[in-house]
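Okay, so here's the structure we're looking at.
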Amino acid sequence: MTAIPFPLASVRSSIPGRLRLELPQFAWPAAFGLLGELVERGIAISATGNRTTGSVLLHYDPEELSGFSFAEQVLATLEPLRQAPNAAEVVPESRLASGVGWEIVSDIPGRLRARHPNLSLHAAAGDRVRIGLLQLDGVIAHQVTAATSGVLVRYDPERLSRAVLLSKLDKLVTLDGEPSEEGLLPPPFEPDFAAINLAASSGAFGLSVMALAAPIFSGAAVLVTAAASSHIFWSAGKSLVVDREIKVDILDAAVISLALAHGYVAPSAFMIWVVDVGDVLLDYSAKSSTRRLSQFFGSQARMTRRLIDGEEIDTLVSELKINDVIVVETGEQIPVDGEVIDGDALVDQHALTGEFAPVERSVGESIFAMTAVMGGRLVVRVGKTGADTQASQIVEIIEHSVEHKVRMVTLSERFADQMVLPTLALGGIGRVVQGQGAMLAVLNADFGTGTRIAGPLAMLNALSTAARHGIVVKNGAVLESIHLLDAIVFDKTGTLTQEVPRVGRIIASNPAFSEEQILTYVACAEQRLSHPIARAVMARAEELGLELPAIEDSDYHLGFGVEVTIGGDRVKVGSRRFVEREEIEIDGSVGKQLEEIYRRGSSATFAVLNGSLIGVIELEADVRPEAERIIKDLRSRGLKKIYMISGDQEIPTRELANRLGIDEFFAEVLPEEKAQYVKKLQDQGLKVGMVGDGINDSVALSQADYSVSLRGGADIAADTADVMFMDGNLANFDVLLDISEELRNNVERSVLLTVVPNTVCIIGALSGIVGFGASLLLNNVFNMVAAGNGMMPIYSEGKAERRLSSV
């Protein structure tokens with residue numbers, strides 16, 4: 001029987017009436033769901049599978065179908081796997097609707113509404129769905145409602161297929177990477193004190209307003225307001241006794257006490273409510289960062305296969321010990337740090353390093369957790385597990401840093417704290433000069449309340465404006481001051497260059513073959529694969545309009561290369577190691593050109609026809625089109641210190657730096673050393689920004705004063721960064737800096753709107769002109785004016801369009 005080239009699958013056995021396929025782990029759920037449709041259509045009698053081993057066993061009636069006809073039906077069913085950018089992103093509605101607890105409520109082209117219990121039971125699940133859909137190209141709008149366990153998605157069917165959307169939802173909603181009953185259990189109850197305080201102060205404010213019209217509620221309003229302010233008094237006491245610092249909580253507590261004592265209940269309740277709104281915003285920021293980090297842990301493999309006396313035994317990753325031996329095959333994630341003791345494989349380390357090209361790993365070489373086997377089979381001796389792995393240690397470092405950074409005080413809070421002592425002193429003077437009323441008037445005319453309203457409102461306004469331009473800001477304190485940075489460090493691979501390389505030179509080792517012929521052979525062999533090198537080759541072939549001949553037979557050795565039969569000729573395409581293993585000779589002239597390719601930091605793929613090398617294709621880094629312009633724009637802003645950092649060799653790093661106009665660069669830097677370079681710049685007194693997209697950038701991102709990641713980079717880099725550009729366009733850096741400048745200007749206006757009237761109140765109170773009532777009126781009116789200023793538009797749409805269109 002002529003071999004059928006199954007997408008991402010290999011035939012384990014085929015006898016009349018039965019076909020067994022083996023699939024990579026990442027493609028198994030999608031493929032098994034698709035193959036189940038054969039049973040529903042009556043083509044297959046049954047379909048059974050084992051996700052752990054990646055196998056699917058299909059039974060059919062050999063009297064009705066020949067083995068070849070059945071195989072063709074299977075191939076047609078699996079066709080979406082070949083067409084999808086990622087095989088794991090194809091899943092039928094049947095699996096989504098029943099297999100993991102989903103319920104499809106409505107489904108029309110461009111609009112999908114579905115429900116899943118995890119959305120109401122786990123806040124992290126809702127966060128994952130929101131963030132994941134935000135990053136998914138083709139999604140126009142989405143809404144996640146925890147109360148109904150529902151999600152509504154509006155999308156562009158021309159850019160995003162329904163199958164890819166359903167699969168994305170399927171992966172995002174599971175918390176442990178594996179749908180199970182355990183995953184649906186609610187987490188332990190953790191009280192949200194910030195939300196509780198806000199609810200209490202909201203109730204107190206409402207009741208105090210009612211008491212103005214119905215004095216019968218006055219007593220209850222006083223008690224409820226006093227109770228709602230208990231956390232402020234606790235914080236004031238902690239500031240004095242434990243921290244030994246003068247903070248705005250002390251002034252708040254003094255004003256509330258005196259106002260309640262003199263019957264001013266509604267103003268007290270309003271002031272408490274303002275304080276609680278700010279606390280909720282800060283608390284939400286901290287929890288969001290923590291949840292995103294926990295999602296990274298949830299994406300790690302939970303099961304693996306331990307090798308015991310030659311037999312593979314399914315084992316929980318958490319039960320592995322040092323020196324255990326495990327087996328990792330095509331499509332599976334590597335769950336530990338360890339050493340390869342048998343086998344060869346092509347390993348995708350993009351999540352850990354950010355580098356686009358997969359690496360070859362064989363006996364004696366190290367491998368790391370959170371990387372994945374793209375092809376081949378590895379037998380690995382366990383070196384480190386769990387929290388001891390390199391990936392987990394990086395996350396631990398980041399967790400501590402994130403918690404510290406999101407709790408940084410904002411500009412408005414700092415101003416409020418700085419004005420506590422002057423206000424208390426002036427209140428004391430008022431008591432001596434004009435009496436109790438003047439003291440209350442002065443203390444009420446504090447400089448902090450207005451800015452504590454206007455500051456968060458301006459921040460939310462700026463965050464919303466940034467989001468409309470595809471900029472997600474996760475640390476508001478950074479947005480206030482990022483325009484003041486002194487130096488910026490760009491990672492090279494995936495940041496200044498594209499993730500997918502481009503085809504460079506095509507070297508013909510046999511003059512009988514043209515460059516286009518060599519590219520045609522390579523593209524024909526690679527067309528069913530989806531790794532970055534294959535995508536680069538296919539992009540170049542499409543650009544030249546090459547017609548690819550039909551493949552008669554194929555033999556996919558995904559670890560190192562691909563073999564196909566085209567027009568009776570046997571074509572092999574793969575890495576240098578693959579060619580050398582096949583004992584194919586590389587002549588001297590090609591060898592010299594290869595040395596130049598490798599010296600420049602590029603990679604190469606080899607084309608072999610009927611046992612002879614016919615050519616080599618160079619794959620080089622593709623510089624982002626906006627990179628040169630953004631460097632110029634940053635310099636025009638007065639930013640003189642611009643650096644590039646890379647683990648790549650010095651020559652290609654220098655060439656790119658010269659091309660982009662970057663004066664200083666660091667080459668051949670190990671992942672753990674990147675943060676050290678950032679620290680050295682900070683030790684010079686510089687405020688340093690870092691732009692990166694790989695896990696190897698994450699510690700440096702965490703170390704930097706300001707950190708930016710691009711959409712499509714490693715999850716952990718995006719989680720660590722203060723800012724993420726959703727469209728992956730570096731030109732947004734200019735937009736971000738403009739928004740930051742305008743936010744700062746807005747907050748300074750709010751401070752001015754607070755300082756001027758309250759200064760008038762204080763002078764008037766000390767002069768005996770302004771009493772407590774007038775102070776309340778002026779203070780609250782201008783607080784609202786400051787709040788209105790905080791809600792004014794920040795950054796014009798036209799300005800953003802001019803920025804981006806100039807790139």
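Chain lettering (A, B, ...) mirrors the order of the structure tokens, residue numbering begins at 1 for each chain separately, and ligand numbering begins at 1 in order of display.
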
For Val255 (chain A), list every protein, DNA or RNA residue within 7 Å, evaluated using only C-alpha atoms, and leave out those in the same chain fewer than 4 positions away; present the list as a PDB file with all heavy atoms, in the first residue's frame.
ATOM      1  N   LEU A 251      -3.579  61.464  59.376  1.00  0.00           N
ATOM      2  CA  LEU A 251      -4.428  62.633  59.162  1.00  0.00           C
ATOM      3  C   LEU A 251      -5.869  62.209  58.907  1.00  0.00           C
ATOM      4  O   LEU A 251      -6.812  62.835  59.419  1.00  0.00           O
ATOM      5  CB  LEU A 251      -3.892  63.444  57.987  1.00  0.00           C
ATOM      6  CG  LEU A 251      -4.613  64.765  57.689  1.00  0.00           C
ATOM      7  CD1 LEU A 251      -4.534  65.697  58.886  1.00  0.00           C
ATOM      8  CD2 LEU A 251      -4.006  65.431  56.460  1.00  0.00           C
ATOM      9  N   ALA A 259     -14.529  64.923  62.960  1.00  0.00           N
ATOM     10  CA  ALA A 259     -15.774  65.159  62.222  1.00  0.00           C
ATOM     11  C   ALA A 259     -16.931  64.392  62.832  1.00  0.00           C
ATOM     12  O   ALA A 259     -18.038  64.933  62.987  1.00  0.00           O
ATOM     13  CB  ALA A 259     -15.583  64.772  60.763  1.00  0.00           C
ATOM     14  N   LEU A 443      -7.910  71.059  59.149  1.00  0.00           N
ATOM     15  CA  LEU A 443      -7.673  69.618  58.981  1.00  0.00           C
ATOM     16  C   LEU A 443      -8.524  69.040  57.865  1.00  0.00           C
ATOM     17  O   LEU A 443      -8.102  68.125  57.139  1.00  0.00           O
ATOM     18  CB  LEU A 443      -7.951  68.881  60.292  1.00  0.00           C
ATOM     19  CG  LEU A 443      -7.006  69.188  61.460  1.00  0.00           C
ATOM     20  CD1 LEU A 443      -7.403  68.372  62.682  1.00  0.00           C
ATOM     21  CD2 LEU A 443      -5.565  68.896  61.074  1.00  0.00           C
ATOM     22  N   ASN A 444      -9.739  69.555  57.710  1.00  0.00           N
ATOM     23  CA  ASN A 444     -10.591  69.066  56.627  1.00  0.00           C
ATOM     24  C   ASN A 444     -10.032  69.470  55.268  1.00  0.00           C
ATOM     25  O   ASN A 444     -10.152  68.734  54.295  1.00  0.00           O
ATOM     26  CB  ASN A 444     -12.007  69.622  56.780  1.00  0.00           C
ATOM     27  CG  ASN A 444     -12.904  69.206  55.619  1.00  0.00           C
ATOM     28  OD1 ASN A 444     -13.323  68.074  55.539  1.00  0.00           O
ATOM     29  ND2 ASN A 444     -13.171  70.140  54.717  1.00  0.00           N
TER      30      ASN A 444
END

Counting only C-alpha atoms, which of A:Ser229, A:Asn729, A:Asn783, A:Ser69 gets nearest to Ala254 (chain A)?
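Once distances to Ala254 (chain A) are computed over only C-alpha atoms, the minimum belongs to A:Ser229.
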
Which is closer to Gln676 (chain A) than all the others in A:Ala477, A:Ala441, A:Arg629, A:Leu701, using only C-alpha atoms?
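For Gln676 (chain A), the nearest of the candidates is A:Leu701.
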
As an exercise, work out the distance from CA of Gly494 (chain A) to CA of Glu365 (chain A) in Å and give it to one decimal place.
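That distance, rounded to one decimal, is 25.0 Å.
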
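Residue nearest Leu609 (chain A), chosen from A:Leu58, A:Ile15, A:Leu546, A:Ala525 and counting only C-alpha atoms: A:Ala525.
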
One decimal, in Å: what's the spacing between CA of Asn610 (chain A) and CA of Gln517 (chain A)?
14.7 Å

Top pick for closest residue to Ser239 (chain A), considering A:Ile566, A:Ala253, A:Ile43, A:Val503 and counting only C-alpha atoms
A:Ala253

Residues near region 581-598 of chain A, anyone? I mean within 7 Å using only C-alpha atoms, not counting same-chain ones fewer than 5 positions away, as a PyMOL selection string.
chain A and resi 509+603+611-613
